[in-house]
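A.B. asks: This is query-v6.pdb (PDB, C-alpha atoms and all ligand atoms).
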MODEL        1
ATOM      1  CA  MET R  17       2.394  16.239  16.894
ATOM      2  CA  LEU R  18       0.516  17.105  20.090
ATOM      3  CA  GLU R  19       2.546  19.112  22.644
ATOM      4  CA  LEU R  20       1.953  17.021  25.744
ATOM      5  CA  SER R  21       1.855  18.623  29.207
ATOM      6  CA  SER R  22      -0.067  18.253  32.458
ATOM      7  CA  ASN R  23      -2.467  20.921  31.091
ATOM      8  CA  THR R  24      -3.355  18.778  28.063
ATOM      9  CA  ARG R  25      -7.061  17.988  28.075
ATOM     10  CA  VAL R  26      -8.455  14.536  27.293
ATOM     11  CA  THR R  27     -10.409  15.983  24.393
ATOM     12  CA  GLU R  28      -7.097  16.870  22.704
ATOM     13  CA  LEU R  29      -6.001  13.249  22.955
ATOM     14  CA  GLN R  30      -9.343  12.172  21.511
ATOM     15  CA  ASP R  31      -8.830  14.514  18.538
ATOM     16  CA  GLN R  32      -5.158  13.936  17.840
ATOM     17  CA  SER R  33      -3.850  10.693  19.271
ATOM     18  CA  PRO R  34      -5.914   7.501  19.520
ATOM     19  CA  ALA R  35      -2.859   5.679  20.916
ATOM     20  CA  MET R  36      -2.487   8.143  23.798
ATOM     21  CA  LEU R  37      -6.215   7.983  24.516
ATOM     22  CA  ASP R  38      -6.058   4.153  24.600
ATOM     23  CA  ALA R  39      -3.038   4.292  26.913
ATOM     24  CA  LEU R  40      -4.801   6.766  29.221
ATOM     25  CA  MET R  41      -7.917   4.594  29.398
ATOM     26  CA  ALA R  42      -5.777   1.533  30.102
ATOM     27  CA  THR R  43      -4.516   3.233  33.276
ATOM     28  CA  GLY R  44      -8.118   3.352  34.537
ATOM     29  CA  ILE R  45      -8.050   7.041  35.534
ATOM     30  CA  PHE R  46     -10.300   8.052  32.632
ATOM     31  CA  ARG R  47     -13.319   6.055  31.513
ATOM     32  CA  ASP R  48     -16.071   6.401  28.921
ATOM     33  CA  GLY R  49     -18.559   8.988  30.121
ATOM     34  CA  ASP R  50     -15.986  11.012  32.117
ATOM     35  CA  ASP R  51     -15.602  14.706  31.247
ATOM     36  CA  PRO R  52     -13.157  14.998  28.305
ATOM     37  CA  GLU R  53     -12.434  18.636  29.180
ATOM     38  CA  THR R  54     -10.514  17.425  32.253
ATOM     39  CA  THR R  55      -6.747  17.956  32.117
ATOM     40  CA  ILE R  56      -4.157  15.260  32.789
ATOM     41  CA  ALA R  57      -3.159  17.080  35.981
ATOM     42  CA  GLU R  58      -6.759  17.155  37.257
ATOM     43  CA  LEU R  59      -7.196  13.458  36.515
ATOM     44  CA  CYS R  60      -3.987  12.619  38.370
ATOM     45  CA  TRP R  61      -4.889  14.742  41.409
ATOM     46  CA  GLY R  62      -8.194  12.870  41.642
ATOM     47  CA  PHE R  63      -6.295   9.584  41.986
ATOM     48  CA  GLY R  64      -3.386  10.903  44.066
ATOM     49  CA  LEU R  65      -0.978  10.232  41.188
ATOM     50  CA  ASN R  66       2.068  12.188  40.094
ATOM     51  CA  PRO R  67       1.237  13.509  36.569
ATOM     52  CA  ILE R  68       4.826  12.764  35.464
ATOM     53  CA  ILE R  69       4.111   9.025  35.589
ATOM     54  CA  ILE R  70       1.036   9.316  33.367
ATOM     55  CA  LEU R  71       2.786  11.768  31.026
ATOM     56  CA  ARG R  72       5.601   9.246  30.519
ATOM     57  CA  THR R  73       3.058   6.548  29.661
ATOM     58  CA  LEU R  74       1.364   8.902  27.190
ATOM     59  CA  ALA R  75       4.670   9.962  25.630
ATOM     60  CA  ARG R  76       5.522   6.317  25.005
ATOM     61  CA  ALA R  77       2.163   5.765  23.337
ATOM     62  CA  GLN R  78       2.768   8.838  21.178
ATOM     63  CA  ALA R  79       6.178   7.512  20.145
ATOM     64  CA  LYS R  80       4.484   4.286  19.058
ATOM     65  CA  GLU R  81       2.433   6.225  16.524
ATOM     66  CA  ALA R  82       5.590   7.445  14.784
ATOM     67  CA  PRO R  83       6.325   5.621  11.498
ATOM     68  CA  SER R  84       9.166   3.061  11.487
ATOM     69  CA  ASP R  85      11.111   1.229   8.782
ATOM     70  CA  ILE R  86      11.055  -2.109  10.616
ATOM     71  CA  ASP R  87       8.835  -4.446   8.635
ATOM     72  CA  VAL R  88       6.463  -6.514  10.744
ATOM     73  CA  SER R  89       3.868  -6.995   8.017
ATOM     74  CA  ASP R  90       4.073 -10.767   8.672
ATOM     75  CA  LEU R  91       1.958 -10.034  11.772
ATOM     76  CA  ASP R  92      -0.742  -8.157   9.845
ATOM     77  CA  ASP R  93      -3.397 -10.847   9.681
ATOM     78  CA  LEU R  94      -2.573 -12.607  12.947
ATOM     79  CA  THR R  95      -4.687 -12.716  16.076
ATOM     80  CA  LEU R  96      -2.988 -11.472  19.251
ATOM     81  CA  THR R  97      -2.535 -15.070  20.379
ATOM     82  CA  GLN R  98      -0.759 -15.816  17.102
ATOM     83  CA  VAL R  99       1.403 -12.716  17.574
ATOM     84  CA  VAL R 100       2.405 -14.092  20.991
ATOM     85  CA  GLU R 101       3.234 -17.455  19.374
ATOM     86  CA  ASN R 102       5.303 -15.685  16.712
ATOM     87  CA  ILE R 103       7.269 -13.800  19.397
ATOM     88  CA  GLU R 104       7.803 -16.937  21.467
ATOM     89  CA  SER R 105       8.983 -19.047  18.548
ATOM     90  CA  LEU R 106      11.103 -16.484  16.663
ATOM     91  CA  HIS R 107      12.512 -14.474  19.551
ATOM     92  CA  HIS R 108      12.182 -16.059  23.008
ATOM     93  CA  LEU R 109      13.241 -19.483  21.748
ATOM     94  CA  TYR R 110      16.087 -17.925  19.755
ATOM     95  CA  LEU R 111      17.318 -16.074  22.852
ATOM     96  CA  ARG R 112      17.143 -19.136  25.099
ATOM     97  CA  GLU R 113      19.142 -21.169  22.584
ATOM     98  CA  THR R 114      21.615 -18.442  21.672
ATOM     99  CA  LEU R 115      22.357 -16.421  24.822
ATOM    100  CA  PRO R 116      24.464 -19.192  26.431
ATOM    101  CA  VAL R 117      26.336 -19.776  23.159
ATOM    102  CA  ILE R 118      27.155 -16.079  22.699
ATOM    103  CA  GLY R 119      27.999 -15.761  26.404
ATOM    104  CA  GLU R 120      30.608 -18.496  26.019
ATOM    105  CA  LEU R 121      32.078 -16.889  22.899
ATOM    106  CA  VAL R 122      32.265 -13.488  24.612
ATOM    107  CA  ASP R 123      34.019 -15.058  27.630
ATOM    108  CA  ARG R 124      36.540 -16.864  25.421
ATOM    109  CA  VAL R 125      37.348 -13.815  23.318
ATOM    110  CA  ALA R 126      37.678 -11.608  26.419
ATOM    111  CA  SER R 127      40.021 -14.071  28.109
ATOM    112  CA  VAL R 128      42.331 -14.249  25.054
ATOM    113  CA  HIS R 129      42.207 -10.717  23.617
ATOM    114  CA  SER R 130      41.293  -8.287  26.425
ATOM    115  CA  ALA R 131      44.958  -7.461  27.133
ATOM    116  CA  SER R 132      45.095  -5.721  23.745
ATOM    117  CA  ASP R 133      41.509  -4.407  23.774
ATOM    118  CA  GLU R 134      39.940  -3.485  27.111
ATOM    119  CA  ARG R 135      36.558  -2.953  25.511
ATOM    120  CA  LEU R 136      36.170  -6.737  25.367
ATOM    121  CA  ILE R 137      35.842  -6.768  29.163
ATOM    122  CA  GLU R 138      33.120  -4.128  28.923
ATOM    123  CA  ILE R 139      31.347  -6.177  26.234
ATOM    124  CA  GLN R 140      31.589  -9.243  28.468
ATOM    125  CA  LYS R 141      30.068  -7.383  31.449
ATOM    126  CA  LEU R 142      27.345  -5.711  29.417
ATOM    127  CA  PHE R 143      26.335  -8.856  27.550
ATOM    128  CA  GLY R 144      26.276 -10.850  30.818
ATOM    129  CA  LYS R 145      23.930  -8.308  32.384
ATOM    130  CA  MET R 146      21.693  -8.188  29.291
ATOM    131  CA  ALA R 147      21.438 -11.990  29.154
ATOM    132  CA  GLU R 148      20.400 -12.171  32.814
ATOM    133  CA  ASP R 149      17.903  -9.313  32.478
ATOM    134  CA  LEU R 150      16.452 -10.840  29.325
ATOM    135  CA  GLU R 151      15.751 -14.161  31.006
ATOM    136  CA  ASN R 152      13.803 -12.362  33.775
ATOM    137  CA  HIS R 153      12.072 -10.148  31.244
ATOM    138  CA  MET R 154      10.927 -13.085  29.088
ATOM    139  CA  LEU R 155       9.658 -14.970  32.139
ATOM    140  CA  HIS R 156       7.696 -11.901  33.202
ATOM    141  CA  GLU R 157       6.085 -11.727  29.749
ATOM    142  CA  GLU R 158       5.391 -15.452  29.612
ATOM    143  CA  GLU R 159       3.908 -15.641  33.122
ATOM    144  CA  ALA R 160       1.882 -12.409  33.110
ATOM    145  CA  LEU R 161       1.183 -10.597  29.868
ATOM    146  CA  PHE R 162       1.094 -13.508  27.414
ATOM    147  CA  PRO R 163      -1.430 -15.551  29.459
ATOM    148  CA  MET R 164      -3.596 -12.420  29.794
ATOM    149  CA  VAL R 165      -3.595 -12.007  26.008
ATOM    150  CA  ARG R 166      -4.451 -15.671  25.465
ATOM    151  CA  ASP R 167      -7.223 -15.482  28.092
ATOM    152  CA  MET R 168      -8.798 -12.451  26.486
ATOM    153  CA  GLU R 169      -9.089 -14.232  23.153
ATOM    154  CA  SER R 170     -10.023 -17.698  24.366
ATOM    155  CA  GLU R 171     -12.099 -16.923  27.498
ATOM    156  CA  GLY R 172     -13.215 -13.331  26.933
ATOM    157  CA  ALA R 173     -11.764 -12.405  30.351
ATOM    158  CA  ILE R 174      -8.413 -12.192  32.124
ATOM    159  CA  LYS R 175      -7.551 -14.638  34.903
ATOM    160  CA  PRO R 176      -5.434 -12.840  37.556
ATOM    161  CA  THR R 177      -1.701 -13.474  37.269
ATOM    162  CA  ARG R 178       1.191 -12.453  39.517
ATOM    163  CA  CYS R 179       0.781  -8.979  37.957
ATOM    164  CA  GLY R 180      -2.926  -8.549  38.588
ATOM    165  CA  ASP R 181      -5.734  -8.784  36.075
ATOM    166  CA  ALA R 182      -5.104  -5.822  33.754
ATOM    167  CA  VAL R 183      -2.611  -5.628  30.912
ATOM    168  CA  GLY R 184      -1.548  -2.026  31.712
ATOM    169  CA  GLY R 185       0.601  -3.071  34.714
ATOM    170  CA  PRO R 186       2.870  -5.607  32.999
ATOM    171  CA  ILE R 187       3.001  -3.508  29.817
ATOM    172  CA  THR R 188       4.387  -0.515  31.745
ATOM    173  CA  CYS R 189       7.105  -2.767  33.238
ATOM    174  CA  MET R 190       7.906  -4.292  29.830
ATOM    175  CA  GLU R 191       8.159  -0.887  28.184
ATOM    176  CA  ASN R 192      10.567   0.313  30.868
ATOM    177  CA  ASP R 193      12.673  -2.823  30.321
ATOM    178  CA  HIS R 194      12.613  -2.268  26.550
ATOM    179  CA  GLU R 195      13.841   1.313  26.908
ATOM    180  CA  LEU R 196      16.762   0.115  29.002
ATOM    181  CA  MET R 197      17.526  -2.698  26.532
ATOM    182  CA  GLN R 198      17.512  -0.303  23.585
ATOM    183  CA  ALA R 199      20.086   1.871  25.378
ATOM    184  CA  GLU R 200      22.185  -1.225  26.149
ATOM    185  CA  LEU R 201      21.998  -2.455  22.542
ATOM    186  CA  LYS R 202      23.249   0.944  21.404
ATOM    187  CA  LYS R 203      26.125   0.748  23.890
ATOM    188  CA  LEU R 204      26.971  -2.791  22.718
ATOM    189  CA  HIS R 205      27.017  -1.565  19.118
ATOM    190  CA  GLN R 206      29.482   1.192  20.043
ATOM    191  CA  LEU R 207      31.737  -1.083  22.082
ATOM    192  CA  ALA R 208      31.866  -3.624  19.241
ATOM    193  CA  ASP R 209      32.519  -0.979  16.522
ATOM    194  CA  ASP R 210      29.194  -1.730  14.823
ATOM    195  CA  TYR R 211      30.247  -5.418  14.722
ATOM    196  CA  ALA R 212      32.883  -4.714  12.038
ATOM    197  CA  ILE R 213      35.296  -7.659  11.922
ATOM    198  CA  PRO R 214      38.943  -6.598  12.437
ATOM    199  CA  GLU R 215      41.542  -8.093  10.091
ATOM    200  CA  HIS R 216      43.397  -9.794  12.944
ATOM    201  CA  ALA R 217      40.227 -11.511  14.263
ATOM    202  CA  CYS R 218      40.487 -15.276  14.826
ATOM    203  CA  MET R 219      37.547 -17.606  14.075
ATOM    204  CA  THR R 220      36.122 -17.284  17.589
ATOM    205  CA  TYR R 221      36.352 -13.478  17.557
ATOM    206  CA  ARG R 222      34.706 -13.384  14.120
ATOM    207  CA  ASN R 223      31.979 -15.777  15.225
ATOM    208  CA  MET R 224      31.333 -13.686  18.367
ATOM    209  CA  LEU R 225      30.852 -10.487  16.338
ATOM    210  CA  GLU R 226      28.581 -12.192  13.817
ATOM    211  CA  GLN R 227      26.459 -13.680  16.586
ATOM    212  CA  LEU R 228      26.295 -10.362  18.478
ATOM    213  CA  SER R 229      25.179  -8.630  15.300
ATOM    214  CA  ARG R 230      22.431 -11.220  14.733
ATOM    215  CA  PHE R 231      21.398 -10.945  18.398
ATOM    216  CA  SER R 232      21.125  -7.182  18.066
ATOM    217  CA  GLN R 233      19.007  -7.388  14.890
ATOM    218  CA  ASN R 234      16.741 -10.010  16.411
ATOM    219  CA  MET R 235      16.257  -7.860  19.526
ATOM    220  CA  VAL R 236      15.320  -4.775  17.503
ATOM    221  CA  VAL R 237      12.568  -6.697  15.693
ATOM    222  CA  HIS R 238      11.498  -8.446  18.917
ATOM    223  CA  ILE R 239      11.052  -5.182  20.817
ATOM    224  CA  HIS R 240       9.313  -3.573  17.855
ATOM    225  CA  LYS R 241       6.766  -6.406  17.602
ATOM    226  CA  GLU R 242       5.942  -6.080  21.290
ATOM    227  CA  ASP R 243       5.954  -2.280  21.568
ATOM    228  CA  LYS R 244       4.157  -1.537  18.322
ATOM    229  CA  VAL R 245       1.880  -4.523  17.760
ATOM    230  CA  LEU R 246       1.321  -6.667  20.827
ATOM    231  CA  PHE R 247       1.070  -4.012  23.564
ATOM    232  CA  PRO R 248      -1.279  -1.607  21.773
ATOM    233  CA  GLY R 249      -3.306  -4.603  20.551
ATOM    234  CA  ALA R 250      -3.642  -5.935  24.097
ATOM    235  CA  ILE R 251      -4.679  -2.520  25.446
ATOM    236  CA  LYS R 252      -7.320  -2.225  22.729
ATOM    237  CA  ALA R 253      -8.603  -5.762  23.321
ATOM    238  CA  GLN R 254      -8.928  -5.115  27.044
ATOM    239  CA  ALA R 255     -10.792  -1.834  26.408
ATOM    240  CA  ALA R 256     -13.188  -3.670  24.082
ATOM    241  CA  LEU R 257     -13.837  -6.359  26.710
ATOM    242  CA  ARG R 258     -14.519  -3.728  29.371
ATOM    243  CA  GLU R 259     -16.951  -1.977  27.055
ATOM    244  CA  LYS R 260     -18.877  -5.221  26.585
ATOM    245  CA  SER R 261     -19.160  -5.986  30.295
TER     246      SER R 261
HETATM  247 FE    FE R 301       9.527 -10.759  24.466
HETATM  248 FE    FE R 302       9.824  -7.778  25.733
ENDMDL
END
What does the file become when written as structure tokens?

C.D. replies:
Amino acid sequence: MLELSSNTRVTELQDQSPAMLDALMATGIFRDGDDPETTIAELCWGFGLNPIIILRTLARAQAKEAPSDIDVSDLDDLTLTQVVENIESLHHLYLRETLPVIGELVDRVASVHSASDERLIEIQKLFGKMAEDLENHMLHEEEALFPMVRDMESEGAIKPTRCGDAVGGPITCMENDHELMQAELKKLHQLADDYAIPEHACMTYRNMLEQLSRFSQNMVVHIHKEDKVLFPGAIKAQAALREKS
């Protein structure tokens, strides 16, 4: 694995990490024909950027190259537009239908059982925040990144959205959101004892834990599809379009 630092040269990315090179090119600070012996720090100085920001973007791209045991082979032969449709139908729709239902269950269980288990109040607060953040996050994807992806495949160009006309901007926001969500999912897991059902649990309590467990599994796959398939695919597609023009 490449040891990444501000002294890393672009040529090292070219040799060892296609994903990091793609991510660097998506930022626009390095283009075909530029000197590959330039370091990340030198590139950033030229654009008045703090190298830490670019290094974080590159580190994320590097993490995406790591193997994972989440199976998304159902996306293998799909176009990017079809990947977007898959995400909308299996994950965004699921969340819109399920978040209010789980929210109600969490509220009911907290109101009945929190006197004997204070963690239920923490679960209620955390889930409420996640549900609100997720609605904003999905809207952001549906109003910015997803139309850009569809445009690239149907029109061969990106129509400007509220996030500009390049996929790198919304993708950076989405990746930041995903990192936060992964930390929150981990916290939810801990608070709910890995969703193990206690013996004393009533039907509502049991239902809440089962639904939270399903929510968590769905989110893991959802984030994986976006981080590992859709985002790198969109960055590559945009690079290919720029090369043509
Ligand atoms: Fe999404
Ligand atoms: Fe997302």

A.B. asks: Please expand the PyMOL selection byres (((not hetatm)) within 10 of (chain R and resi 301)) into the concrete residues it hits in this file, giving the result as a VMD selection string.

C.D. replies: chain R and resid 100 103 to 104 106 to 109 111 150 to 151 153 to 158 161 to 162 190 194 235 238 to 243 246

A.B. asks: Could the residues in this selection be saved with C-alpha atoms as a JSON list (two decimals), keeping the file's coordinate frame?

C.D. replies:
[["chain", "number", "residue", "atom", "x", "y", "z"],
["R", 100, "VAL", "CA", 2.40, -14.09, 20.99],
["R", 103, "ILE", "CA", 7.27, -13.80, 19.40],
["R", 104, "GLU", "CA", 7.80, -16.94, 21.47],
["R", 106, "LEU", "CA", 11.10, -16.48, 16.66],
["R", 107, "HIS", "CA", 12.51, -14.47, 19.55],
["R", 108, "HIS", "CA", 12.18, -16.06, 23.01],
["R", 109, "LEU", "CA", 13.24, -19.48, 21.75],
["R", 111, "LEU", "CA", 17.32, -16.07, 22.85],
["R", 150, "LEU", "CA", 16.45, -10.84, 29.32],
["R", 151, "GLU", "CA", 15.75, -14.16, 31.01],
["R", 153, "HIS", "CA", 12.07, -10.15, 31.24],
["R", 154, "MET", "CA", 10.93, -13.08, 29.09],
["R", 155, "LEU", "CA", 9.66, -14.97, 32.14],
["R", 156, "HIS", "CA", 7.70, -11.90, 33.20],
["R", 157, "GLU", "CA", 6.08, -11.73, 29.75],
["R", 158, "GLU", "CA", 5.39, -15.45, 29.61],
["R", 161, "LEU", "CA", 1.18, -10.60, 29.87],
["R", 162, "PHE", "CA", 1.09, -13.51, 27.41],
["R", 190, "MET", "CA", 7.91, -4.29, 29.83],
["R", 194, "HIS", "CA", 12.61, -2.27, 26.55],
["R", 235, "MET", "CA", 16.26, -7.86, 19.53],
["R", 238, "HIS", "CA", 11.50, -8.45, 18.92],
["R", 239, "ILE", "CA", 11.05, -5.18, 20.82],
["R", 240, "HIS", "CA", 9.31, -3.57, 17.86],
["R", 241, "LYS", "CA", 6.77, -6.41, 17.60],
["R", 242, "GLU", "CA", 5.94, -6.08, 21.29],
["R", 243, "ASP", "CA", 5.95, -2.28, 21.57],
["R", 246, "LEU", "CA", 1.32, -6.67, 20.83]]

A.B. asks: Using only C-alpha atoms, pick whichever of R:Gln254, R:Asn152, R:Gln30, R:Thr24 has the shortest atom-to-atom distance to Leu59 in chain R.

C.D. replies: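 When distances to Leu59 in chain R are compared using only C-alpha atoms, the smallest one comes from R:Thr24.
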
A.B. asks: What gap, in Å, lies between CA of Leu91 in chain R and CA of Gly249 in chain R?

C.D. replies: 11.6 Å

A.B. asks: On this file, the PyMOL selection byres (((chain R and resi 124) around 12) and not hetatm) gives some set of residues; write that set as a list in words.

C.D. replies: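 Selection result, ordered by chain and number: Val117, Ile118, Gly119, Glu120, Leu121, Val122, Asp123, Val125, Ala126, Ser127, Val128, His129, Ser130, Leu136, Ile137, Ile139, Gln140, Cys218, Met219, Thr220, Tyr221, Arg222, Asn223 and Met224 of chain R.
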
A.B. asks: Could you tell me which residues the PyMOL selection byres (((chain R and resi 53) around 9) and not hetatm) returns for this structure, as a PyMOL selection string?

C.D. replies: chain R and resi 25-28+50-52+54-55

A.B. asks: Quick one, how far is CA of Gly44 in chain R from CA of Val165 in chain R?

C.D. replies: 18.1 Å

A.B. asks: Take CA of His216 in chain R and CA of Glu138 in chain R and report the distance between them in Å, one decimal.

C.D. replies: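 Atom-to-atom, CA of His216 in chain R to CA of Glu138 in chain R, that is 19.8 Å.
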
A.B. asks: Select, from R:Asn23, R:Thr114, R:Ser170, R:Asn192, the residue with the minimum atom-to-atom distance to ligand FE 302 (chain R), counting only C-alpha atoms and all ligand atoms.

C.D. replies: R:Asn192

A.B. asks: Of the candidates R:Asp149, R:Glu171, R:Asp48, R:Glu200, which shows the shortest atom-to-atom distance to ligand FE 302 (chain R), using only C-alpha atoms and all ligand atoms?

C.D. replies: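 Of all the options, R:Asp149 lies closest to ligand FE 302 (chain R).
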
A.B. asks: Find the residues near Arg166 in chain R: any atom within 12 Å, counting only C-alpha atoms, skip ones fewer than 5 places away on the same chain, and give them as a CSV table (one decimal) with C-alpha atoms, in the coordinates of the input.

C.D. replies:
chain,number,residue,atom,x,y,z
R,95,THR,CA,-4.7,-12.7,16.1
R,96,LEU,CA,-3.0,-11.5,19.3
R,97,THR,CA,-2.5,-15.1,20.4
R,98,GLN,CA,-0.8,-15.8,17.1
R,99,VAL,CA,1.4,-12.7,17.6
R,100,VAL,CA,2.4,-14.1,21.0
R,101,GLU,CA,3.2,-17.5,19.4
R,158,GLU,CA,5.4,-15.5,29.6
R,159,GLU,CA,3.9,-15.6,33.1
R,160,ALA,CA,1.9,-12.4,33.1
R,161,LEU,CA,1.2,-10.6,29.9
R,171,GLU,CA,-12.1,-16.9,27.5
R,172,GLY,CA,-13.2,-13.3,26.9
R,173,ALA,CA,-11.8,-12.4,30.4
R,174,ILE,CA,-8.4,-12.2,32.1
R,175,LYS,CA,-7.6,-14.6,34.9
R,183,VAL,CA,-2.6,-5.6,30.9
R,246,LEU,CA,1.3,-6.7,20.8
R,250,ALA,CA,-3.6,-5.9,24.1
R,253,ALA,CA,-8.6,-5.8,23.3
R,254,GLN,CA,-8.9,-5.1,27.0

A.B. asks: Place N, CA and C atoms on range 130-154 of chain R and deliver the coordinates as a compact mmCIF listing (two decimals), keeping the file's coordinate frame.

C.D. replies:
# COMPACT_ATOMS: atom_id res chain seq x y z
N SER R 130 41.58 -9.53 25.70
CA SER R 130 41.29 -8.29 26.42
C SER R 130 42.56 -7.51 26.79
N ALA R 131 43.72 -8.19 26.81
CA ALA R 131 44.96 -7.46 27.13
C ALA R 131 45.23 -6.40 26.07
N SER R 132 44.84 -6.70 24.81
CA SER R 132 45.10 -5.72 23.74
C SER R 132 43.86 -4.86 23.45
N ASP R 133 42.71 -5.23 23.99
CA ASP R 133 41.51 -4.41 23.77
C ASP R 133 40.60 -4.51 25.00
N GLU R 134 40.69 -3.46 25.84
CA GLU R 134 39.94 -3.48 27.11
C GLU R 134 38.43 -3.46 26.91
N ARG R 135 38.01 -3.02 25.73
CA ARG R 135 36.56 -2.95 25.51
C ARG R 135 35.92 -4.35 25.56
N LEU R 136 36.72 -5.38 25.33
CA LEU R 136 36.17 -6.74 25.37
C LEU R 136 35.67 -7.09 26.77
N ILE R 137 36.31 -6.53 27.79
CA ILE R 137 35.84 -6.77 29.16
C ILE R 137 34.50 -6.06 29.37
N GLU R 138 34.40 -4.87 28.80
CA GLU R 138 33.12 -4.13 28.92
C GLU R 138 32.01 -4.87 28.17
N ILE R 139 32.35 -5.41 27.00
CA ILE R 139 31.35 -6.18 26.23
C ILE R 139 30.91 -7.40 27.05
N GLN R 140 31.88 -8.05 27.67
CA GLN R 140 31.59 -9.24 28.47
C GLN R 140 30.63 -8.90 29.62
N LYS R 141 30.92 -7.79 30.33
CA LYS R 141 30.07 -7.38 31.45
C LYS R 141 28.67 -7.00 30.98
N LEU R 142 28.63 -6.20 29.92
CA LEU R 142 27.34 -5.71 29.42
C LEU R 142 26.50 -6.86 28.89
N PHE R 143 27.11 -7.75 28.11
CA PHE R 143 26.34 -8.86 27.55
C PHE R 143 25.84 -9.77 28.68
N GLY R 144 26.68 -10.00 29.68
CA GLY R 144 26.28 -10.85 30.82
C GLY R 144 25.06 -10.27 31.52
N LYS R 145 25.07 -8.97 31.73
CA LYS R 145 23.93 -8.31 32.38
C LYS R 145 22.68 -8.41 31.51
N MET R 146 22.86 -8.15 30.20
CA MET R 146 21.69 -8.19 29.29
C MET R 146 21.09 -9.59 29.25
N ALA R 147 21.94 -10.61 29.23
CA ALA R 147 21.44 -11.99 29.15
C ALA R 147 20.63 -12.32 30.40
N GLU R 148 21.12 -11.89 31.57
CA GLU R 148 20.40 -12.17 32.81
C GLU R 148 19.07 -11.40 32.85
N ASP R 149 19.13 -10.13 32.49
CA ASP R 149 17.90 -9.31 32.48
C ASP R 149 16.88 -9.87 31.50
N LEU R 150 17.38 -10.33 30.34
CA LEU R 150 16.45 -10.84 29.32
C LEU R 150 15.72 -12.08 29.80
N GLU R 151 16.41 -12.95 30.50
CA GLU R 151 15.75 -14.16 31.01
C GLU R 151 14.61 -13.77 31.95
N ASN R 152 14.86 -12.82 32.86
CA ASN R 152 13.80 -12.36 33.78
C ASN R 152 12.67 -11.67 33.01
N HIS R 153 13.07 -10.89 32.04
CA HIS R 153 12.07 -10.15 31.24
C HIS R 153 11.15 -11.12 30.48
N MET R 154 11.74 -12.13 29.85
CA MET R 154 10.93 -13.08 29.09
C MET R 154 9.99 -13.86 30.01
